[in-house]
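What follows is the content of final_33.cif, which has mmCIF, C-alpha atoms:
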```
data_protein
#
loop_
_atom_site.label_atom_id
_atom_site.label_comp_id
_atom_site.auth_asym_id
_atom_site.auth_seq_id
_atom_site.Cartn_x
_atom_site.Cartn_y
_atom_site.Cartn_z
CA MET X 25 -10.64 13.37 -26.19
CA GLN X 26 -12.74 14.09 -23.12
CA LYS X 27 -15.59 16.43 -22.28
CA LEU X 28 -17.46 17.04 -19.05
CA LEU X 29 -21.22 17.22 -19.61
CA SER X 30 -23.88 18.42 -17.20
CA VAL X 31 -26.96 16.27 -17.72
CA GLN X 32 -30.23 17.36 -16.14
CA GLY X 33 -31.38 14.95 -13.44
CA ILE X 34 -28.05 13.14 -13.47
CA GLY X 35 -25.32 15.68 -12.84
CA PHE X 36 -21.83 15.78 -14.30
CA VAL X 37 -20.78 13.04 -16.71
CA LEU X 38 -17.27 12.60 -18.08
CA VAL X 39 -17.38 11.49 -21.72
CA SER X 40 -14.28 9.98 -23.35
CA LYS X 41 -13.89 9.43 -27.09
CA LYS X 42 -11.75 6.39 -27.90
CA SER X 43 -10.69 5.08 -31.29
CA ASN X 44 -10.91 1.45 -30.15
CA ALA X 45 -14.43 1.78 -28.70
CA ARG X 46 -17.14 0.08 -30.72
CA ASN X 47 -20.18 0.94 -28.64
CA LEU X 48 -21.34 3.51 -26.11
CA LYS X 49 -20.66 2.35 -22.55
CA ILE X 50 -21.47 3.70 -19.08
CA ARG X 51 -19.45 3.00 -15.95
CA ILE X 52 -19.98 4.24 -12.39
CA HIS X 53 -16.74 4.91 -10.52
CA PRO X 54 -16.79 5.45 -6.71
CA GLU X 55 -14.42 8.43 -6.97
CA LYS X 56 -14.60 9.68 -10.57
CA GLY X 57 -18.39 9.46 -10.85
CA ILE X 58 -20.25 8.68 -14.07
CA LEU X 59 -17.94 7.77 -16.94
CA VAL X 60 -19.11 7.32 -20.52
CA THR X 61 -16.98 5.91 -23.34
CA ILE X 62 -18.02 6.48 -26.95
CA PRO X 63 -16.51 5.63 -30.35
CA TYR X 64 -14.38 8.41 -31.80
CA ARG X 65 -16.87 9.00 -34.62
CA SER X 66 -19.78 9.54 -32.19
CA SER X 67 -20.83 13.01 -31.03
CA TYR X 68 -21.13 14.32 -27.48
CA ASN X 69 -24.80 14.96 -28.24
CA GLU X 70 -25.24 11.22 -28.81
CA ALA X 71 -23.51 10.56 -25.50
CA GLU X 72 -25.90 12.88 -23.66
CA LYS X 73 -28.94 11.18 -25.22
CA PHE X 74 -27.49 7.80 -24.25
CA VAL X 75 -27.10 8.95 -20.63
CA ILE X 76 -30.67 10.29 -20.49
CA LYS X 77 -31.99 7.03 -21.97
CA ASN X 78 -30.22 5.07 -19.22
CA ALA X 79 -30.98 7.53 -16.41
CA ALA X 80 -32.95 5.02 -14.30
CA TRP X 81 -30.14 2.45 -14.50
CA ILE X 82 -27.51 5.08 -13.61
CA LYS X 83 -29.44 6.27 -10.55
CA GLU X 84 -29.95 2.73 -9.27
CA LYS X 85 -26.33 1.68 -9.80
CA THR X 86 -25.05 4.90 -8.21
CA LYS X 87 -27.24 4.32 -5.16
CA LEU X 88 -26.08 0.70 -4.75
CA LEU X 89 -22.42 1.61 -5.28
CA PHE X 90 -22.32 4.30 -2.65
CA GLN X 91 -24.28 2.17 -0.19
CA ASN X 92 -21.58 -0.47 -0.63
CA VAL X 93 -18.78 2.09 -0.28
CA ALA X 94 -20.35 3.43 2.92
CA LEU X 95 -20.12 -0.04 4.48
CA LYS X 96 -16.36 0.00 3.85
CA ILE X 97 -15.69 3.29 5.63
CA PHE X 98 -14.09 3.20 9.06
CA THR X 99 -16.16 4.96 11.75
CA PRO X 100 -16.10 4.80 15.58
CA ASP X 101 -18.66 1.97 15.30
CA SER X 102 -16.50 -0.13 12.96
CA ILE X 103 -15.11 -3.51 13.96
CA PHE X 104 -11.63 -4.54 12.91
CA LYS X 105 -10.12 -7.65 14.49
CA THR X 106 -7.23 -9.93 13.57
CA ARG X 107 -6.06 -13.12 15.23
CA VAL X 108 -4.59 -11.30 18.23
CA SER X 109 -5.30 -7.60 17.68
CA GLU X 110 -8.21 -5.22 17.41
CA VAL X 111 -9.02 -1.60 16.67
CA GLU X 112 -10.86 0.65 19.11
CA PHE X 113 -12.07 4.25 18.95
CA GLU X 114 -12.15 6.56 21.97
CA TYR X 115 -13.48 10.08 22.34
CA ASP X 116 -10.82 12.67 23.18
CA ALA X 117 -11.68 16.36 23.27
CA HIS X 118 -8.01 17.29 22.93
CA SER X 119 -7.25 15.26 19.77
CA GLU X 120 -8.41 15.60 16.21
CA LEU X 121 -7.36 12.04 15.32
CA ARG X 122 -4.37 10.01 16.42
CA GLY X 123 -3.56 6.32 16.47
CA ILE X 124 -1.77 4.60 19.34
CA ILE X 125 -0.44 1.07 18.85
CA SER X 126 0.08 -0.94 22.01
CA GLU X 127 0.18 -4.67 22.63
CA ASN X 128 -2.59 -6.31 20.60
CA LYS X 129 -4.46 -3.05 20.13
CA LEU X 130 -4.70 0.01 17.92
CA LEU X 131 -6.50 2.82 19.71
CA PHE X 132 -7.78 5.82 17.79
CA LYS X 133 -8.46 8.91 19.85
CA TYR X 134 -10.68 11.42 18.09
CA ASN X 135 -12.78 14.52 18.50
CA PRO X 136 -16.05 14.12 16.54
CA LEU X 137 -16.38 17.91 16.27
CA LYS X 138 -13.13 18.10 14.32
CA ILE X 139 -13.13 14.86 12.31
CA ASP X 140 -15.18 13.90 9.26
CA PHE X 141 -14.90 10.13 8.85
CA GLU X 142 -16.06 10.35 5.24
CA ASN X 143 -12.99 12.42 4.42
CA LYS X 144 -10.54 10.48 2.23
CA ASP X 145 -7.48 11.68 4.18
CA VAL X 146 -9.04 10.48 7.44
CA GLN X 147 -9.71 7.04 5.94
CA ASN X 148 -6.18 6.83 4.55
CA PHE X 149 -4.72 7.72 7.95
CA ILE X 150 -6.76 5.01 9.67
CA LYS X 151 -5.71 2.42 7.08
CA LYS X 152 -2.06 3.48 7.34
CA CYS X 153 -2.17 2.85 11.10
CA ILE X 154 -3.88 -0.51 10.57
CA VAL X 155 -1.13 -1.54 8.15
CA LYS X 156 1.43 -0.84 10.91
CA LEU X 157 -0.61 -3.03 13.26
CA LEU X 158 -0.78 -5.82 10.67
CA LEU X 159 2.95 -5.55 10.02
CA ALA X 160 3.82 -6.07 13.69
CA GLU X 161 1.53 -9.09 13.99
CA ALA X 162 2.44 -10.59 10.61
CA SER X 163 6.18 -10.40 11.29
CA VAL X 164 5.64 -12.99 14.01
CA TYR X 165 2.80 -15.08 12.62
CA LEU X 166 4.05 -15.45 9.04
CA LEU X 167 7.55 -16.41 10.15
CA GLU X 168 6.09 -19.13 12.37
CA ARG X 169 4.03 -20.52 9.49
CA TYR X 170 7.01 -20.38 7.13
CA VAL X 171 9.23 -22.31 9.54
CA TYR X 172 6.48 -24.84 10.16
CA LEU X 173 5.79 -25.45 6.46
CA SER X 174 9.50 -25.62 5.68
CA LYS X 175 10.02 -28.39 8.23
CA LYS X 176 6.85 -30.20 7.24
CA HIS X 177 7.78 -30.38 3.56
CA LYS X 178 11.54 -30.61 4.10
CA ILE X 179 12.33 -27.46 2.11
CA ALA X 180 15.39 -25.49 3.18
CA LEU X 181 14.75 -22.20 4.93
CA HIS X 182 15.73 -18.99 3.14
CA LYS X 183 15.53 -15.35 4.09
CA LEU X 184 11.98 -14.21 4.81
CA THR X 185 10.86 -10.59 5.15
CA VAL X 186 7.41 -9.12 5.73
CA GLY X 187 6.34 -5.91 4.03
CA THR X 188 3.24 -3.86 3.36
CA ALA X 189 2.69 -4.51 -0.36
CA SER X 190 -0.85 -4.04 -1.63
CA THR X 191 -0.22 -5.30 -5.17
CA SER X 192 0.70 -8.90 -4.36
CA TRP X 193 0.45 -11.38 -1.50
CA GLY X 194 4.07 -12.44 -1.82
CA THR X 195 7.17 -12.70 -4.01
CA CYS X 196 10.32 -14.82 -4.31
CA ASN X 197 13.41 -13.34 -5.97
CA THR X 198 16.32 -14.97 -7.80
CA LYS X 199 18.23 -15.26 -4.50
CA ASN X 200 15.37 -17.39 -3.11
CA GLU X 201 14.46 -14.62 -0.68
CA ILE X 202 10.75 -14.62 0.09
CA ARG X 203 8.84 -11.45 0.88
CA LEU X 204 5.28 -11.64 2.16
CA SER X 205 2.71 -8.90 2.58
CA CYS X 206 1.34 -8.25 6.05
CA ARG X 207 -2.06 -8.06 4.37
CA LEU X 208 -2.01 -11.86 4.31
CA LEU X 209 -3.56 -11.60 7.76
CA LEU X 210 -6.77 -10.62 5.99
CA LEU X 211 -6.95 -14.22 4.69
CA PRO X 212 -8.07 -17.46 6.35
CA ASP X 213 -5.26 -19.64 7.70
CA HIS X 214 -5.40 -22.19 4.89
CA LEU X 215 -5.00 -19.50 2.23
CA ILE X 216 -2.07 -17.93 4.09
CA ASP X 217 -0.36 -21.31 4.03
CA TYR X 218 -1.20 -21.69 0.35
CA VAL X 219 0.46 -18.36 -0.52
CA ILE X 220 3.55 -19.29 1.48
CA LEU X 221 3.72 -22.67 -0.27
CA HIS X 222 3.35 -20.87 -3.60
CA GLU X 223 6.43 -18.75 -2.89
CA MET X 224 8.35 -21.74 -1.53
CA CYS X 225 7.77 -23.56 -4.81
CA HIS X 226 9.51 -20.68 -6.59
CA ILE X 227 12.70 -21.64 -4.78
CA ASN X 228 12.86 -24.66 -7.09
CA HIS X 229 10.89 -23.32 -10.05
CA LYS X 230 11.23 -19.65 -10.97
CA ASN X 231 8.37 -19.52 -13.44
CA HIS X 232 4.78 -20.78 -13.44
CA GLY X 233 5.46 -23.77 -15.63
CA SER X 234 4.04 -27.26 -15.35
CA ASP X 235 6.73 -28.38 -12.87
CA PHE X 236 5.91 -25.45 -10.60
CA TYR X 237 2.20 -26.29 -10.51
CA LYS X 238 2.90 -29.98 -10.09
CA MET X 239 4.94 -29.21 -6.97
CA LEU X 240 2.42 -26.69 -5.62
CA ASN X 241 -0.45 -29.11 -6.17
CA TYR X 242 1.42 -31.84 -4.31
CA LEU X 243 2.31 -29.58 -1.37
CA SER X 244 -1.27 -28.31 -1.10
CA ASP X 245 -2.75 -31.82 -0.93
CA TYR X 246 -3.83 -31.63 -4.57
CA LYS X 247 -6.12 -28.67 -3.91
CA SER X 248 -4.12 -26.02 -5.77
CA THR X 249 -6.83 -25.22 -8.33
CA GLU X 250 -9.62 -24.71 -5.81
CA LEU X 251 -7.38 -22.81 -3.38
CA ASN X 252 -6.20 -20.48 -6.12
CA LYS X 253 -9.80 -19.87 -7.15
CA GLU X 254 -10.74 -19.09 -3.55
CA LEU X 255 -7.75 -16.75 -3.15
CA LYS X 256 -8.99 -14.63 -6.05
CA THR X 257 -12.16 -13.83 -4.10
CA TYR X 258 -10.10 -11.90 -1.51
CA SER X 259 -8.53 -8.47 -1.76
CA THR X 260 -5.52 -6.74 -0.20
CA ASN X 261 -7.73 -3.71 0.45
CA ILE X 262 -8.34 -2.90 4.11
CA PHE X 263 -11.97 -2.62 5.16
CA PRO X 264 -13.80 -3.01 8.48
CA GLY X 265 -14.42 -6.61 9.52
CA ASN X 266 -13.57 -9.52 11.76
CA TYR X 267 -10.52 -11.32 10.39
CA THR X 268 -10.04 -13.74 13.27
CA TYR X 269 -11.35 -16.69 11.18
CA GLN X 270 -12.19 -18.73 14.25
#
```
Let's see the structure in the file written out as structure tokens.
Amino acid sequence: MQKLLSVQGIGFVLVSKKSNARNLKIRIHPEKGILVTIPYRSSYNEAEKFVIKNAAWIKEKTKLLFQNVALKIFTPDSIFKTRVSEVEFEYDAHSELRGIISENKLLFKYNPLKIDFENKDVQNFIKKCIVKLLLAEASVYLLERYVYLSKKHKIALHKLTVGTASTSWGTCNTKNEIRLSCRLLLLPDHLIDYVILHEMCHINHKNHGSDFYKMLNYLSDYKSTELNKELKTYSTNIFPGNYTYQ
């Protein structure tokens, strides 16, 4: 059960009753706002009192969250660079917003009188164009690294494709066909190689058993644990930044 409460000094709060909840909890979501979970036996009045009691914490966390979100929004002042490509913004009185991909560049032409860069659809359009840029670059770069690592470790080449997946860095199917995400270009070189080696190990070992990790550890110069830990600090999400790693 859910109920939307209007709390003075805080605003709207979405309260959810859950049978498996043991305590009252508050969470700040960048899109959904203030979310409160309460045990099923608790009342909405209790939830409101809990919110008021934690008003100072909610205001501080909300402020910090949206400051952080603002840093991840693409604007004409944003920097986005990869190993060989970059994004630029150019004023154009005749365009609302359009993206033009040319060699090593993604140019956005925009009219500031018609475009709100905080609009979610605008951000999604920019990211969609960036994914196309990454796909073109990754199709060359990732194939080169795959061929290099295959020769280095004497592992037979199999079909390699590059896609746009945002849920995983790479996969290897039962036919030994490897598919890598173009978002790998958001990673440092050594982690890109680590992901490729991970998928190459699946050619011999389909699950994540001890033999798989033994092979991966050997191929990664016995640094598999630390590399995997480092990989988890990165995200497939696309935000402004310099991803040249030079």
*Run through the PyMOL selection byres ((chain X and resi 239) around 10) on the given coordinates and return the selected residues as JSON, numbers by chain.*
{"X": [221, 222, 224, 225, 226, 228, 229, 234, 235, 236, 237, 238, 240, 241, 242, 243, 244, 246, 248]}
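Residues lying within 12 Å of Asp213 in chain X, counting only C-alpha atoms and ignoring same-chain neighbours fewer than 6 positions away, are X:Thr106, X:Arg107, X:Tyr165, X:Leu166, X:Arg169, X:Val219, X:Ile220, X:Leu251, X:Leu255, X:Tyr267, X:Thr268, X:Tyr269, X:Gln270.
Atom pair CA of Asn261 in chain X / CA of Val39 in chain X has a distance of 28.6 Å (rounded to one decimal).
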_Could you list, as a list of chain:residue names, every residue within 12 Å of Ser43 in chain X, counting all atoms listed in the file and ignoring same-chain residues fewer than 6 positions away?_
X:Met25, X:Thr61, X:Ile62, X:Pro63, X:Tyr64, X:Arg65, X:Ser66
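You can rank X:Leu157, X:Ile103, X:Ile150, X:Leu208 by their closest distance to Ala189 in chain X using all atoms listed in the file, and at the top of that list sits X:Leu208.
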*Explicit residues for the PyMOL selection byres ((chain X and resi 187) around 7) (as a PyMOL selection string)*: chain X and resi 159+185-186+188-189+203-206
*Applied to the shown file, which residues does the PyMOL selection byres ((chain X and resi 37) around 8) return, written as a ChimeraX atom specification?*
/X:28-31,34-36,38-39,57-60
_Distance query 7 Å from (-8.8, 12.9, 19.7) using all atoms listed in the file, result as a count of residues only_ = 11
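Comparing X:Lys85, X:Lys253, X:Lys129, X:Lys151 by their smallest distance to Lys105 in chain X, the closest is X:Lys129 (using only C-alpha atoms).
The nearest approach to Gly194 in chain X among the residues X:Phe263, X:Tyr68, X:Trp81, X:Tyr218, with all atoms listed in the file taken into account, belongs to X:Tyr218.
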_I'd like the interatomic distance between CA of Glu112 in chain X and CA of Leu215 in chain X, to a tenth of an Å._
26.9 Å
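From CA of Thr249 in chain X back to CA of Ile262 in chain X, the distance works out to 25.6 Å.
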*asked:* Nearest residue to Gln26 in chain X out of X:Ser67, X:Gly233, X:Asn44, X:Lys256, using all atoms listed in the file?
replied: X:Ser67
*Surrounding residues of Lys183 in chain X excluding itself and chain neighbours under 2 positions, 7 Å, all atoms listed in the file, as a VMD selection string*: chain X and resid 181 185 201 to 202
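If all atoms listed in the file are the atoms counted, then among X:Asp101, X:Asp140, X:Asp145, X:Glu110 the closest residue to Glu127 in chain X is X:Glu110.
If all atoms listed in the file are the atoms counted, then among X:Ser190, X:Leu167, X:His53, X:Ile125 the closest residue to Ile216 in chain X is X:Leu167.
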Give me range 40-70 of chain X with N, CA and C atoms filled in, as a tab-separated table (two decimals), keeping the file's coordinate frame.
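Contents of the output file out_38.tsv:
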```tsv
chain	number	residue	atom	x	y	z
X	40	SER	N	-15.58	10.20	-22.71
X	40	SER	CA	-14.28	9.98	-23.35
X	40	SER	C	-14.49	9.37	-24.73
X	41	LYS	N	-13.88	10.00	-25.75
X	41	LYS	CA	-13.89	9.43	-27.09
X	41	LYS	C	-12.66	8.55	-27.27
X	42	LYS	N	-12.87	7.31	-27.71
X	42	LYS	CA	-11.75	6.39	-27.90
X	42	LYS	C	-11.85	5.72	-29.27
X	43	SER	N	-10.71	5.65	-29.94
X	43	SER	CA	-10.69	5.08	-31.29
X	43	SER	C	-10.98	3.59	-31.31
X	44	ASN	N	-10.69	2.90	-30.18
X	44	ASN	CA	-10.91	1.45	-30.15
X	44	ASN	C	-12.27	1.07	-29.58
X	45	ALA	N	-13.09	2.06	-29.23
X	45	ALA	CA	-14.43	1.78	-28.70
X	45	ALA	C	-15.39	1.49	-29.84
X	46	ARG	N	-16.18	0.45	-29.69
X	46	ARG	CA	-17.14	0.08	-30.72
X	46	ARG	C	-18.56	0.52	-30.37
X	47	ASN	N	-18.84	0.59	-29.08
X	47	ASN	CA	-20.18	0.94	-28.64
X	47	ASN	C	-20.11	2.00	-27.54
X	48	LEU	N	-21.24	2.56	-27.21
X	48	LEU	CA	-21.34	3.51	-26.11
X	48	LEU	C	-21.46	2.71	-24.80
X	49	LYS	N	-20.66	3.07	-23.82
X	49	LYS	CA	-20.66	2.35	-22.55
X	49	LYS	C	-20.70	3.33	-21.38
X	50	ILE	N	-21.39	2.90	-20.30
X	50	ILE	CA	-21.47	3.70	-19.08
X	50	ILE	C	-20.86	2.92	-17.93
X	51	ARG	N	-20.05	3.62	-17.14
X	51	ARG	CA	-19.45	3.00	-15.95
X	51	ARG	C	-19.56	3.97	-14.78
X	52	ILE	N	-19.88	3.43	-13.60
X	52	ILE	CA	-19.98	4.24	-12.39
X	52	ILE	C	-18.75	3.99	-11.53
X	53	HIS	N	-17.97	5.03	-11.31
X	53	HIS	CA	-16.74	4.91	-10.52
X	53	HIS	C	-16.97	5.57	-9.16
X	54	PRO	N	-16.54	4.91	-8.05
X	54	PRO	CA	-16.79	5.45	-6.71
X	54	PRO	C	-16.17	6.82	-6.45
X	55	GLU	N	-15.08	7.15	-7.17
X	55	GLU	CA	-14.42	8.43	-6.97
X	55	GLU	C	-14.59	9.38	-8.15
X	56	LYS	N	-14.55	8.83	-9.37
X	56	LYS	CA	-14.60	9.68	-10.57
X	56	LYS	C	-16.02	9.96	-11.03
X	57	GLY	N	-16.99	9.22	-10.50
X	57	GLY	CA	-18.39	9.46	-10.85
X	57	GLY	C	-18.84	8.70	-12.08
X	58	ILE	N	-19.66	9.34	-12.89
X	58	ILE	CA	-20.25	8.68	-14.07
X	58	ILE	C	-19.32	8.87	-15.27
X	59	LEU	N	-18.87	7.75	-15.82
X	59	LEU	CA	-17.94	7.77	-16.94
X	59	LEU	C	-18.61	7.14	-18.16
X	60	VAL	N	-18.53	7.83	-19.28
X	60	VAL	CA	-19.11	7.32	-20.52
X	60	VAL	C	-18.02	7.24	-21.58
X	61	THR	N	-17.94	6.11	-22.24
X	61	THR	CA	-16.98	5.91	-23.34
X	61	THR	C	-17.77	5.78	-24.64
X	62	ILE	N	-17.34	6.53	-25.66
X	62	ILE	CA	-18.02	6.48	-26.95
X	62	ILE	C	-17.00	6.31	-28.07
X	63	PRO	N	-17.43	5.74	-29.20
X	63	PRO	CA	-16.51	5.63	-30.35
X	63	PRO	C	-16.09	7.02	-30.82
X	64	TYR	N	-14.93	7.12	-31.39
X	64	TYR	CA	-14.38	8.41	-31.80
X	64	TYR	C	-15.29	9.14	-32.80
X	65	ARG	N	-16.02	8.38	-33.60
X	65	ARG	CA	-16.87	9.00	-34.62
X	65	ARG	C	-18.18	9.53	-34.03
X	66	SER	N	-18.52	9.11	-32.81
X	66	SER	CA	-19.78	9.54	-32.19
X	66	SER	C	-19.67	10.97	-31.67
X	67	SER	N	-20.81	11.63	-31.51
X	67	SER	CA	-20.83	13.01	-31.03
X	67	SER	C	-21.15	13.04	-29.54
X	68	TYR	N	-20.81	14.15	-28.90
X	68	TYR	CA	-21.13	14.32	-27.48
X	68	TYR	C	-22.64	14.44	-27.28
X	69	ASN	N	-23.34	14.89	-28.31
X	69	ASN	CA	-24.80	14.96	-28.24
X	69	ASN	C	-25.39	13.55	-28.13
X	70	GLU	N	-24.80	12.61	-28.89
X	70	GLU	CA	-25.24	11.22	-28.81
X	70	GLU	C	-24.99	10.66	-27.41
```
